[in-house]
$ cat target04.txt   # compact mmCIF, C-alpha atoms
# COMPACT_ATOMS: atom_id res chain seq x y z
CA MET A 1 -35.04 6.57 1.36
CA ASP A 2 -34.57 8.21 4.76
CA VAL A 3 -31.44 9.86 6.12
CA LYS A 4 -30.38 6.96 8.28
CA GLU A 5 -30.37 4.50 5.40
CA VAL A 6 -28.32 6.76 3.15
CA LEU A 7 -25.81 7.39 5.90
CA ASP A 8 -25.60 3.64 6.50
CA ILE A 9 -24.71 3.04 2.86
CA ALA A 10 -22.17 5.86 2.86
CA MET A 11 -20.64 4.67 6.11
CA LEU A 12 -20.31 1.08 4.94
CA SER A 13 -18.68 2.21 1.69
CA GLY A 14 -16.28 4.40 3.62
CA GLU A 15 -15.46 1.58 5.98
CA ILE A 16 -14.70 -0.80 3.12
CA LEU A 17 -12.48 1.81 1.46
CA LEU A 18 -10.57 2.60 4.63
CA THR A 19 -10.00 -1.01 5.70
CA ASN A 20 -8.69 -1.83 2.24
CA GLY A 21 -5.99 0.80 2.12
CA SER A 22 -7.59 3.80 0.45
CA GLU A 23 -6.31 7.35 0.89
CA THR A 24 -8.16 9.58 3.33
CA TYR A 25 -9.29 12.11 0.74
CA ARG A 26 -10.85 9.37 -1.37
CA VAL A 27 -12.92 8.12 1.58
CA GLU A 28 -14.22 11.62 2.32
CA GLU A 29 -14.98 12.29 -1.33
CA THR A 30 -16.82 8.99 -1.75
CA ILE A 31 -18.97 9.52 1.36
CA GLU A 32 -19.87 13.02 0.24
CA ARG A 33 -20.60 11.83 -3.29
CA ILE A 34 -22.98 9.11 -2.07
CA CYS A 35 -24.78 11.50 0.28
CA SER A 36 -25.22 14.20 -2.32
CA ALA A 37 -26.53 11.64 -4.81
CA TYR A 38 -29.46 11.12 -2.41
CA ASP A 39 -29.85 14.87 -1.70
CA ILE A 40 -28.46 14.72 1.78
CA GLU A 41 -26.22 17.32 3.33
CA SER A 42 -23.34 15.64 5.07
CA GLU A 43 -20.16 16.43 6.87
CA CYS A 44 -17.58 13.77 7.52
CA PHE A 45 -14.23 13.54 9.18
CA VAL A 46 -12.00 10.60 8.39
CA VAL A 47 -8.82 9.44 10.09
CA PRO A 48 -7.22 6.06 9.46
CA THR A 49 -8.61 4.74 12.76
CA GLY A 50 -12.19 5.91 12.42
CA ILE A 51 -14.94 7.65 10.49
CA PHE A 52 -17.23 10.35 11.89
CA LEU A 53 -20.22 11.16 9.74
CA SER A 54 -23.27 13.28 10.29
CA GLY A 55 -25.98 14.31 7.88
CA CYS A 56 -29.46 15.66 7.43
CA SER A 57 -31.85 16.00 4.54
CA LYS A 58 -31.73 19.23 2.56
CA ASN A 59 -35.36 20.12 3.31
CA ASP A 60 -35.29 19.46 7.02
CA THR A 61 -31.98 20.64 8.47
CA LYS A 62 -33.04 20.35 12.11
CA ASP A 63 -33.21 16.58 12.19
CA SER A 64 -29.66 15.34 11.78
CA ILE A 65 -28.12 11.94 12.44
CA SER A 66 -24.51 11.16 13.37
CA LEU A 67 -22.64 7.91 13.04
CA VAL A 68 -19.21 6.90 14.30
CA LYS A 69 -17.27 3.90 13.12
CA ARG A 70 -14.06 2.57 14.61
CA ILE A 71 -11.60 1.03 12.12
CA LYS A 72 -9.30 -1.56 13.63
CA GLU A 73 -7.40 -3.28 10.88
CA ARG A 74 -6.16 -2.13 7.52
CA THR A 75 -4.94 -4.22 4.61
CA ILE A 76 -4.50 -3.50 0.92
CA ASN A 77 -7.11 -4.80 -1.49
CA LEU A 78 -7.22 -2.63 -4.59
CA HIS A 79 -10.07 -4.54 -6.23
CA LYS A 80 -12.54 -3.43 -3.54
CA ILE A 81 -11.40 0.19 -3.83
CA LYS A 82 -12.07 0.06 -7.54
CA MET A 83 -15.52 -1.50 -7.03
CA ILE A 84 -16.60 1.09 -4.44
CA ASN A 85 -15.29 3.88 -6.64
CA SER A 86 -17.38 2.87 -9.62
CA PHE A 87 -20.37 2.13 -7.33
CA SER A 88 -20.36 5.64 -5.85
CA ARG A 89 -20.03 7.23 -9.28
CA SER A 90 -22.89 5.18 -10.71
CA LEU A 91 -25.28 6.42 -7.99
CA LYS A 92 -25.35 9.88 -9.52
CA ASP A 93 -27.06 8.61 -12.66
CA ARG A 94 -29.16 5.86 -11.13
CA ARG A 95 -30.29 5.84 -7.51
CA ILE A 96 -30.69 2.33 -6.21
CA SER A 97 -32.71 1.15 -3.22
CA TYR A 98 -31.30 0.51 0.24
CA ASP A 99 -31.56 -3.26 0.00
CA GLU A 100 -29.92 -3.35 -3.40
CA ALA A 101 -27.02 -1.17 -2.24
CA MET A 102 -26.52 -3.15 0.96
CA LYS A 103 -26.57 -6.39 -0.99
CA PHE A 104 -23.86 -5.06 -3.31
CA LEU A 105 -21.66 -3.80 -0.45
CA LYS A 106 -22.01 -6.97 1.63
CA GLY A 107 -21.34 -9.06 -1.47
CA LEU A 108 -17.95 -7.39 -1.89
CA ASP A 109 -16.54 -9.53 0.91
CA SER A 110 -16.85 -12.55 -1.32
CA ALA A 111 -15.50 -10.66 -4.34
CA PRO A 112 -13.25 -12.73 -6.56
CA SER A 113 -9.72 -12.96 -5.37
CA PHE A 114 -6.91 -15.11 -6.62
CA PRO A 115 -6.69 -18.76 -5.59
CA TYR A 116 -4.55 -19.40 -2.56
CA TYR A 117 -1.71 -21.18 -4.37
CA LYS A 118 -1.33 -18.20 -6.70
CA SER A 119 -0.92 -15.82 -3.77
CA LEU A 120 1.65 -18.16 -2.25
CA LEU A 121 3.49 -18.29 -5.56
CA ALA A 122 3.31 -14.50 -5.91
CA ALA A 123 4.78 -14.03 -2.43
CA GLY A 124 7.61 -16.37 -3.38
CA VAL A 125 8.33 -14.70 -6.72
CA THR A 126 8.22 -11.23 -5.11
CA SER A 127 10.88 -12.29 -2.63
CA PHE A 128 12.92 -13.92 -5.37
CA ALA A 129 12.80 -10.76 -7.49
CA TYR A 130 13.77 -8.39 -4.68
CA ALA A 131 16.53 -10.59 -3.28
CA MET A 132 18.06 -10.53 -6.76
CA LEU A 133 17.25 -6.87 -7.40
CA PHE A 134 19.31 -5.90 -4.36
CA GLY A 135 22.31 -7.50 -5.94
CA SER A 136 22.84 -11.12 -5.18
CA SER A 137 22.88 -14.43 -6.99
CA ALA A 138 19.95 -16.63 -8.00
CA ILE A 139 20.55 -19.12 -5.20
CA ASN A 140 19.88 -16.38 -2.62
CA GLY A 141 16.71 -15.53 -4.46
CA ILE A 142 15.52 -19.12 -4.28
CA VAL A 143 16.25 -19.34 -0.54
CA ALA A 144 14.40 -16.04 -0.01
CA ALA A 145 11.42 -17.35 -2.00
CA PHE A 146 11.39 -20.51 0.10
CA ILE A 147 11.43 -18.61 3.42
CA SER A 148 8.84 -16.17 2.14
CA ILE A 149 6.40 -18.89 1.09
CA LEU A 150 6.86 -20.57 4.46
CA ILE A 151 6.20 -17.31 6.34
CA TYR A 152 3.22 -16.40 4.16
CA TYR A 153 1.65 -19.81 4.76
CA ALA A 154 2.31 -19.73 8.50
CA GLU A 155 1.02 -16.17 8.81
CA ASP A 156 -2.23 -17.27 7.24
CA LYS A 157 -2.68 -20.40 9.34
CA ILE A 158 -1.47 -19.24 12.76
CA THR A 159 -3.73 -16.31 13.58
CA VAL A 160 -3.23 -16.32 17.38
CA ILE A 161 -0.27 -13.98 16.94
CA ASN A 162 -2.45 -11.31 15.34
CA LEU A 163 -4.10 -10.52 18.69
CA LEU A 164 -1.67 -7.70 19.37
CA PRO A 165 -0.91 -5.14 16.68
CA PHE A 166 2.70 -5.19 15.44
CA PHE A 167 3.42 -8.41 17.34
CA SER A 168 3.00 -10.62 14.28
CA GLU A 169 5.51 -8.56 12.28
CA PHE A 170 7.98 -8.94 15.13
CA ILE A 171 7.54 -12.71 15.36
CA TRP A 172 7.70 -13.35 11.62
CA SER A 173 10.78 -11.24 11.06
CA PHE A 174 12.40 -12.87 14.07
CA ILE A 175 11.74 -16.32 12.59
CA THR A 176 12.98 -15.14 9.18
CA GLY A 177 16.24 -13.99 10.72
CA ILE A 178 16.75 -17.27 12.55
CA LEU A 179 15.92 -19.32 9.44
CA ALA A 180 18.35 -17.32 7.30
CA VAL A 181 21.23 -17.69 9.75
CA PHE A 182 20.44 -21.36 10.20
CA ILE A 183 20.43 -22.05 6.46
CA ASN A 184 23.66 -20.12 6.06
CA LYS A 185 25.35 -22.13 8.78
CA TYR A 186 24.18 -25.67 8.09
CA ILE A 187 22.83 -25.98 4.57
CA LEU A 188 24.49 -23.62 2.12
CA PRO A 189 26.34 -20.30 2.36
CA ILE A 190 24.07 -17.38 1.46
CA ASN A 191 24.12 -13.62 1.65
CA ILE A 192 22.08 -13.28 4.87
CA ASP A 193 21.31 -9.58 4.41
CA SER A 194 19.72 -9.81 0.97
CA VAL A 195 17.90 -13.04 1.80
CA ILE A 196 16.26 -11.44 4.85
CA ILE A 197 15.30 -8.30 2.92
CA GLY A 198 13.89 -10.36 0.08
CA SER A 199 11.90 -12.62 2.38
CA ILE A 200 10.08 -9.91 4.30
CA ILE A 201 9.88 -7.22 1.58
CA VAL A 202 6.08 -7.48 1.60
CA LEU A 203 5.95 -6.52 5.27
CA PHE A 204 7.97 -3.31 4.82
CA PRO A 205 5.79 -0.20 5.10
CA GLY A 206 7.26 1.65 2.11
CA ILE A 207 3.81 2.26 0.63
CA ALA A 208 2.50 3.38 4.03
CA ILE A 209 5.28 5.95 4.47
CA THR A 210 4.66 7.35 0.99
CA ASN A 211 0.90 7.47 1.54
CA GLY A 212 1.47 9.21 4.86
CA ILE A 213 3.35 12.02 3.22
CA ARG A 214 0.79 12.11 0.42
CA ASP A 215 -2.01 12.62 2.94
CA ALA A 216 -0.11 15.55 4.41
CA LEU A 217 0.26 17.12 0.97
CA TYR A 218 -3.50 16.80 0.48
CA GLY A 219 -4.05 18.64 3.75
CA ASP A 220 -5.04 15.68 5.96
CA ILE A 221 -2.38 16.36 8.56
CA LEU A 222 -3.88 14.14 11.25
CA SER A 223 -4.18 11.12 8.93
CA SER A 224 -0.65 11.67 7.79
CA GLN A 225 0.63 11.54 11.37
CA VAL A 226 -1.34 8.36 12.08
CA ARG A 227 -0.05 6.62 8.97
CA LEU A 228 3.56 7.66 9.51
CA ALA A 229 3.42 6.56 13.15
CA GLU A 230 1.93 3.22 12.13
CA ALA A 231 4.67 2.75 9.54
CA LEU A 232 7.30 3.66 12.13
CA TYR A 233 5.99 1.08 14.61
CA THR A 234 5.75 -1.58 11.91
CA VAL A 235 9.30 -1.06 10.73
CA THR A 236 10.52 -0.92 14.34
CA ALA A 237 8.85 -4.26 15.02
CA ILE A 238 10.45 -5.77 11.91
CA GLY A 239 13.86 -4.28 12.63
CA ALA A 240 13.74 -5.39 16.25
CA GLY A 241 12.75 -8.91 15.23
CA VAL A 242 15.56 -9.27 12.70
CA GLY A 243 18.11 -7.48 14.89
CA ILE A 244 17.41 -9.61 17.96
CA SER A 245 17.50 -12.83 15.95
CA LEU A 246 20.84 -11.86 14.39
CA LEU A 247 22.32 -10.97 17.79
CA LEU A 248 21.05 -14.21 19.34
CA MET A 249 22.42 -16.36 16.56
CA LYS A 250 25.77 -14.56 16.75
CA TYR A 251 26.21 -15.59 20.38
CA TRP A 252 24.70 -19.00 20.01
CA MET A 253 26.66 -20.17 17.00
CA MET B 1 17.79 -6.29 -18.90
CA LYS B 2 17.83 -8.65 -15.94
CA GLY B 3 16.84 -5.74 -13.72
CA ILE B 4 13.89 -4.85 -15.94
CA ILE B 5 12.50 -8.39 -15.81
CA LEU B 6 13.00 -8.53 -12.05
CA ALA B 7 11.29 -5.16 -11.61
CA PHE B 8 8.42 -6.40 -13.78
CA LEU B 9 8.04 -9.42 -11.50
CA GLY B 10 8.50 -7.15 -8.51
CA SER B 11 5.39 -5.13 -9.40
CA PHE B 12 3.39 -7.92 -11.03
CA CYS B 13 3.45 -10.16 -7.96
CA PRO B 14 2.70 -7.47 -5.35
CA ALA B 15 -0.17 -6.44 -7.64
CA LEU B 16 -1.47 -9.99 -7.35
CA LEU B 17 -1.04 -9.87 -3.57
CA PHE B 18 -2.94 -6.55 -3.45
CA ASN B 19 -5.70 -8.28 -5.43
CA ILE B 20 -6.18 -6.23 -8.58
CA GLU B 21 -8.11 -7.62 -11.51
CA LYS B 22 -6.53 -10.24 -13.72
CA ASN B 23 -6.44 -8.29 -16.96
CA LYS B 24 -4.79 -5.29 -15.26
CA LEU B 25 -1.96 -7.21 -13.60
CA ILE B 26 0.25 -7.07 -16.67
CA TRP B 27 -0.18 -3.30 -17.02
CA ALA B 28 0.82 -2.80 -13.41
CA GLY B 29 3.90 -4.91 -14.11
CA ILE B 30 4.86 -2.93 -17.22
CA CYS B 31 4.30 0.34 -15.39
CA GLY B 32 6.50 -0.81 -12.51
CA ALA B 33 9.26 -2.00 -14.84
CA THR B 34 9.26 1.34 -16.67
CA GLY B 35 9.41 3.25 -13.40
CA TRP B 36 12.25 1.17 -12.08
CA THR B 37 14.21 1.55 -15.34
CA VAL B 38 13.84 5.33 -15.15
CA TYR B 39 14.84 5.30 -11.48
CA ASN B 40 17.87 3.14 -12.08
CA SER B 41 19.17 5.00 -15.11
CA ILE B 42 18.83 8.41 -13.46
CA TYR B 43 20.38 7.11 -10.26
CA SER B 44 23.39 5.66 -12.04
CA TYR B 45 23.73 8.87 -14.08
CA SER B 46 23.41 11.42 -11.29
CA GLY B 47 24.02 9.41 -8.12
CA ASN B 48 21.10 11.14 -6.41
CA LYS B 49 18.45 8.78 -5.07
CA ILE B 50 15.91 11.46 -4.20
CA TYR B 51 16.06 13.09 -7.61
CA ALA B 52 15.76 9.69 -9.29
CA ALA B 53 12.77 8.75 -7.10
CA PHE B 54 11.02 12.01 -7.96
CA ILE B 55 11.40 11.57 -11.73
CA ALA B 56 10.43 7.90 -11.54
CA SER B 57 7.32 8.67 -9.54
CA VAL B 58 6.31 11.37 -12.04
CA VAL B 59 6.71 8.86 -14.87
CA ILE B 60 4.79 6.14 -13.00
CA SER B 61 1.96 8.51 -12.11
CA LEU B 62 1.72 9.74 -15.70
CA ILE B 63 1.44 6.19 -17.02
CA SER B 64 -1.04 5.16 -14.35
CA GLU B 65 -3.24 8.24 -14.81
CA ILE B 66 -3.36 7.60 -18.56
CA MET B 67 -4.15 3.92 -18.01
CA ALA B 68 -6.74 4.87 -15.43
CA LYS B 69 -8.45 6.98 -18.09
CA LEU B 70 -8.26 4.21 -20.69
CA LEU B 71 -9.32 1.32 -18.47
CA LYS B 72 -11.73 3.32 -16.25
CA THR B 73 -10.22 2.50 -12.87
CA PRO B 74 -8.81 4.76 -10.15
CA ALA B 75 -5.13 5.50 -10.68
CA THR B 76 -4.21 4.02 -7.28
CA VAL B 77 -4.78 0.56 -8.69
CA PHE B 78 -1.71 1.01 -10.90
CA ASN B 79 0.17 3.41 -8.66
CA VAL B 80 0.55 1.27 -5.57
CA PRO B 81 2.01 -1.90 -7.12
CA SER B 82 4.22 -0.09 -9.60
CA LEU B 83 5.74 2.11 -6.93
CA PHE B 84 6.63 -1.01 -4.97
CA PRO B 85 10.21 -1.28 -6.35
CA ILE B 86 11.13 2.32 -5.46
CA VAL B 87 9.33 3.04 -2.17
CA PRO B 88 11.83 3.32 0.66
CA GLY B 89 10.77 0.23 2.64
CA VAL B 90 14.27 -1.20 2.67
CA SER B 91 15.97 1.99 3.80
CA ALA B 92 13.40 2.35 6.60
CA TYR B 93 14.33 -1.17 7.66
CA TYR B 94 18.05 -0.34 7.58
CA THR B 95 17.42 2.73 9.74
CA ILE B 96 16.05 0.56 12.53
CA LEU B 97 18.70 -2.12 12.03
CA TYR B 98 21.47 0.49 12.38
CA ILE B 99 19.87 1.82 15.56
CA ILE B 100 19.84 -1.70 17.00
CA GLU B 101 23.51 -2.14 16.03
CA ASN B 102 24.21 1.22 17.75
CA ASP B 103 25.50 2.85 14.56
CA LEU B 104 23.58 6.08 15.05
CA THR B 105 25.28 8.12 12.33
CA ALA B 106 24.38 5.60 9.67
CA ALA B 107 20.86 5.38 11.12
CA ALA B 108 20.37 9.15 10.87
CA TYR B 109 21.68 9.09 7.30
CA LYS B 110 19.30 6.29 6.29
CA GLY B 111 16.37 7.80 8.16
CA ILE B 112 16.67 11.15 6.42
CA GLU B 113 17.14 9.38 3.10
CA THR B 114 13.93 7.40 3.76
CA LEU B 115 11.92 10.54 4.45
CA GLY B 116 13.46 12.29 1.45
CA ILE B 117 12.61 9.50 -0.97
CA ALA B 118 9.09 9.12 0.41
CA GLY B 119 8.55 12.86 0.15
CA ALA B 120 9.88 12.94 -3.41
CA ILE B 121 7.61 10.09 -4.48
CA ALA B 122 4.56 11.64 -2.82
CA PHE B 123 5.31 14.99 -4.40
CA GLY B 124 5.66 13.39 -7.84
CA ILE B 125 2.30 11.64 -7.52
CA ILE B 126 0.52 14.77 -6.31
CA LEU B 127 2.02 16.94 -9.04
CA VAL B 128 0.73 14.66 -11.79
CA SER B 129 -2.67 14.00 -10.23
CA THR B 130 -3.26 17.72 -9.69
CA ILE B 131 -2.53 18.41 -13.34
CA PHE B 132 -4.93 15.66 -14.41
CA ARG B 133 -7.62 16.95 -12.05
CA TYR B 134 -7.22 20.43 -13.48
CA ILE B 135 -7.61 19.14 -17.04
CA ASN B 136 -10.70 17.16 -16.00
CA THR B 137 -12.45 20.10 -14.39
CA ARG B 138 -11.71 22.30 -17.40
CA LYS B 139 -13.14 19.68 -19.73
CA ARG B 140 -16.27 19.41 -17.61
CA ARG B 141 -16.72 23.17 -17.57
CA LYS B 142 -16.42 23.28 -21.36
CA ALA B 143 -18.96 20.49 -21.73
CA ILE B 144 -21.48 22.48 -19.72
$ encode --input "target04.txt" --output "structure tokens"
Amino acid sequence: MDVKEVLDIAMLSGEILLTNGSETYRVEETIERICSAYDIESECFVVPTGIFLSGCSKNDTKDSISLVKRIKERTINLHKIKMINSFSRSLKDRRISYDEAMKFLKGLDSAPSFPYYKSLLAAGVTSFAYAMLFGSSAINGIVAAFISILIYYAEDKITVINLLPFFSEFIWSFITGILAVFINKYILPINIDSVIIGSIIVLFPGIAITNGIRDALYGDILSSQVRLAEALYTVTAIGAGVGISLLLMKYWM
Amino acid sequence: MKGIILAFLGSFCPALLFNIEKNKLIWAGICGATGWTVYNSIYSYSGNKIYAAFIASVVISLISEIMAKLLKTPATVFNVPSLFPIVPGVSAYYTILYIIENDLTAAAYKGIETLGIAGAIAFGIILVSTIFRYINTRKRRKAI
């Protein structure tokens, strides 16, 4: 296998890891592990918004190839991280051909995930649990679950809003705030604060903030800054959405 | 008891949303419930959120590193969902909400608390994973 093909495999693995919420050090380790399994000297630099990778074969160090990949969106899908992790470790014992590796990596997109109704249900139960965990009655939990399922469904169906980063968080938290105040006013009295927190708990970047500090402790200062800034903008968008909706409803009602 | 069940659901369902394998969901839930119980009991005993978050994250990382060894998966698969109940998402949200309501003192308080809890959790995870890495490399050296 030539250098370009190995780097392609390593780059695609790194891209899948990074877009599915892996830590920076894991991406760098995986890329280096794949390259060294095929006897290729590589150097890579990973930040949450892109991967820079260059490598050459150990015998012929003059002829090196560099690749750059821009990463635009990041979600969390732990199953793919696990698959790539075991894939890169298996290469050490058994080198596989380029086509085989590419087939495996491309096939990960259609990896088994849970049926849609289960995800909806999980979003609802998460909101129910957190609305109650932050100290309120079961009825608030049920309202939070209802709003959360509605938002989760709408977020999946209406993708126009995702054109701008952070805009969708703003819109959905805005709508959550309005729904909560509306239900409180006209349908049944609820604890608005805990219902709102429960409904949008999945959007909060708690994990992102923690991972940001973790990256810094591993020595990836730049990644840490990127992740913390992203978390800050996300939570600002959410807070602004909820805050504006609460202010609006205060004057309107 | 109610809290434990809710914390179990609160890590089980995010684990499903983060798409981990079916047979590992329940372990993530148990791990999260344990972590939350530790967090809550230390918090009610000492009244210090940062301290409680640190101990809870050490416990969660220990359990997830051990389960990672047993089930042959990276520890992140258990770490991320089970930390979900204690990561400071809500206090980050309150920080911004207080800024919008022009209550800057409360916002500063919440903001520093957010950073403190996140730092404590990250430190707990790193402490445990460094120890496990050290043990691993020593084992490998002995094997050679």
$ closest_atom_pairs --input "target04.txt" --of "chain B" --to "chain A" --cutoff "8 Å" --atoms "only C-alpha atoms" --output "CSV"
residue,atom,partner,partner_atom,distance
B:Gly3,CA,A:Leu133,CA,6.4
B:Leu6,CA,A:Ala129,CA,5.1
B:Ala7,CA,A:Ala129,CA,7.1
B:Leu9,CA,A:Ala129,CA,6.4
B:Gly10,CA,A:Thr126,CA,5.3
B:Ser11,CA,A:Thr126,CA,8.0
B:Cys13,CA,A:Ala122,CA,4.8
B:Pro14,CA,A:Thr126,CA,6.7
B:Leu16,CA,A:Ala122,CA,6.7
B:Leu17,CA,A:Ser119,CA,6.0
B:Phe18,CA,A:Asn77,CA,4.9
B:Asn19,CA,A:Asn77,CA,5.4
B:Ile20,CA,A:His79,CA,4.8
B:Glu21,CA,A:His79,CA,6.4
B:Thr73,CA,A:Lys82,CA,6.1
B:Pro74,CA,A:Lys82,CA,6.3
B:Thr76,CA,A:Leu78,CA,7.8
B:Val77,CA,A:Leu78,CA,5.7
B:Val80,CA,A:Ile207,CA,7.1
B:Leu83,CA,A:Ile207,CA,7.8
B:Phe84,CA,A:Ile207,CA,7.1
B:Val87,CA,A:Gly206,CA,5.0
B:Pro88,CA,A:Gly206,CA,5.1
B:Gly89,CA,A:Gly206,CA,3.8
B:Val90,CA,A:Phe204,CA,7.0
B:Ala92,CA,A:Val235,CA,6.7
B:Tyr93,CA,A:Gly239,CA,5.9
B:Tyr94,CA,A:Gly239,CA,7.7
B:Ile96,CA,A:Gly239,CA,5.3
B:Leu97,CA,A:Gly239,CA,5.3
B:Ile100,CA,A:Gly243,CA,6.4
B:Glu101,CA,A:Gly243,CA,7.7
B:Ala118,CA,A:Thr210,CA,4.8
B:Gly119,CA,A:Ile213,CA,6.1
B:Ile121,CA,A:Thr210,CA,6.8
B:Ala122,CA,A:Arg214,CA,5.0
B:Phe123,CA,A:Arg214,CA,7.2
B:Ile126,CA,A:Arg214,CA,7.2
$ atom_distance --input "target04.txt" --atom1 "CA of Phe87 in chain A" --atom2 "CA of Val226 in chain A"
27.9 Å
$ residues_around --input "target04.txt" --residues "range 59-63 of chain A" --least-positions-apart "3" --cutoff "10 Å" --atoms "only C-alpha atoms" --output "ChimeraX atom specification"
/A:3,39-41,55-56
$ residues_around --input "target04.txt" --residues "range 35-44 of chain B" --least-positions-apart "4" --cutoff "6 Å" --atoms "only C-alpha atoms" --output "MDAnalysis selection string"
chainID B and resid 48:49 52:53 56 60
$ closest_residue --input "target04.txt" --among "B:Asn102, B:Ser91, B:Ser46, B:Ser129" --to "Val59 in chain B" --atoms "all atoms listed in the file"
B:Ser129
$ atom_distance --input "target04.txt" --atom1 "CA of Leu105 in chain A" --atom2 "CA of Ser13 in chain A"
7.0 Å
$ atom_distance --input "target04.txt" --atom1 "CA of Glu100 in chain A" --atom2 "CA of Glu15 in chain A"
17.9 Å
$ closest_residue --input "target04.txt" --among "A:Asp156, A:Phe166, A:Ile161, A:Ser199" --to "Leu179 in chain A" --atoms "all atoms listed in the file"
A:Ser199
$ residues_around --input "target04.txt" --residues "Phe54 in chain B" --least-positions-apart "3" --cutoff "6 Å" --atoms "all atoms listed in the file" --output "PDB file with C-alpha atoms, keeping the file's coordinate frame"
ATOM      1  CA  TYR B  51      16.060  13.090  -7.610  1.00  0.00           C
ATOM      2  CA  SER B  57       7.320   8.670  -9.540  1.00  0.00           C
ATOM      3  CA  ALA B 120       9.880  12.940  -3.410  1.00  0.00           C
ATOM      4  CA  ILE B 121       7.610  10.090  -4.480  1.00  0.00           C
ATOM      5  CA  GLY B 124       5.660  13.390  -7.840  1.00  0.00           C
TER       6      GLY B 124
END
$ closest_residue --input "target04.txt" --among "A:Ser137, A:Ala144, A:Thr30, A:Val160" --to "Lys2 in chain B" --atoms "only C-alpha atoms"
A:Ser137
$ closest_residue --input "target04.txt" --among "B:Val128, B:Met1, B:Val58, B:Ile117" --to "Cys31 in chain B" --atoms "all atoms listed in the file"
B:Val58
$ axis_aligned_box --input "target04.txt" --around "range 14-20 of chain B" --padding-each-side "8 Å" --output "lines of an AutoDock Vina configuration file"
center_x = -1.7
center_y = -8.1
center_z = -6.0
size_x = 24.9
size_y = 19.8
size_z = 21.1
$ closest_residue --input "target04.txt" --among "A:Val143, A:Leu12, A:Leu91, A:Val6" --to "Asp109 in chain A" --atoms "all atoms listed in the file"
A:Leu12
$ closest_residue --input "target04.txt" --among "A:Gly177, A:Ile187, A:Trp172, A:Leu228" --to "Ser245 in chain A" --atoms "only C-alpha atoms"
A:Gly177
$ residues_around --input "target04.txt" --residues "Cys35 in chain A" --least-positions-apart "4" --cutoff "12 Å" --atoms "only C-alpha atoms" --output "PyMOL selection string"
chain A and resi 1-11+13-14+28-31+39-44+53-58+88-89+91-92+95
$ residues_around --input "target04.txt" --residues "Gly29 in chain B" --least-positions-apart "2" --cutoff "6 Å" --atoms "only C-alpha atoms" --output "PyMOL selection string"
chain B and resi 8+11-12+26-27+31-32
$ residues_near_point --input "target04.txt" --point "(-2.8, 7.8, -10.9)" --cutoff "6 Å" --atoms "only C-alpha atoms" --output "number ranges by chain"
B: 61, 64-65, 75-76, 79
$ decode --input "target04.txt" --residues "range 149-161 of chain A" --atoms "C-alpha atoms" --output "PDB file, in the first residue's frame"
ATOM      1  CA  ILE A 149     -40.208  15.374  22.636  1.00  0.00           C
ATOM      2  CA  LEU A 150     -41.807  18.153  20.601  1.00  0.00           C
ATOM      3  CA  ILE A 151     -38.504  20.041  20.298  1.00  0.00           C
ATOM      4  CA  TYR A 152     -36.526  16.888  19.489  1.00  0.00           C
ATOM      5  CA  TYR A 153     -38.966  15.982  16.728  1.00  0.00           C
ATOM      6  CA  ALA A 154     -39.038  19.500  15.289  1.00  0.00           C
ATOM      7  CA  GLU A 155     -35.252  19.799  15.435  1.00  0.00           C
ATOM      8  CA  ASP A 156     -34.974  16.656  13.372  1.00  0.00           C
ATOM      9  CA  LYS A 157     -37.567  17.633  10.778  1.00  0.00           C
ATOM     10  CA  ILE A 158     -36.890  21.356  10.327  1.00  0.00           C
ATOM     11  CA  THR A 159     -33.262  21.492   9.235  1.00  0.00           C
ATOM     12  CA  VAL A 160     -33.343  24.958   7.615  1.00  0.00           C
ATOM     13  CA  ILE A 161     -32.440  26.484  10.973  1.00  0.00           C
TER      14      ILE A 161
END
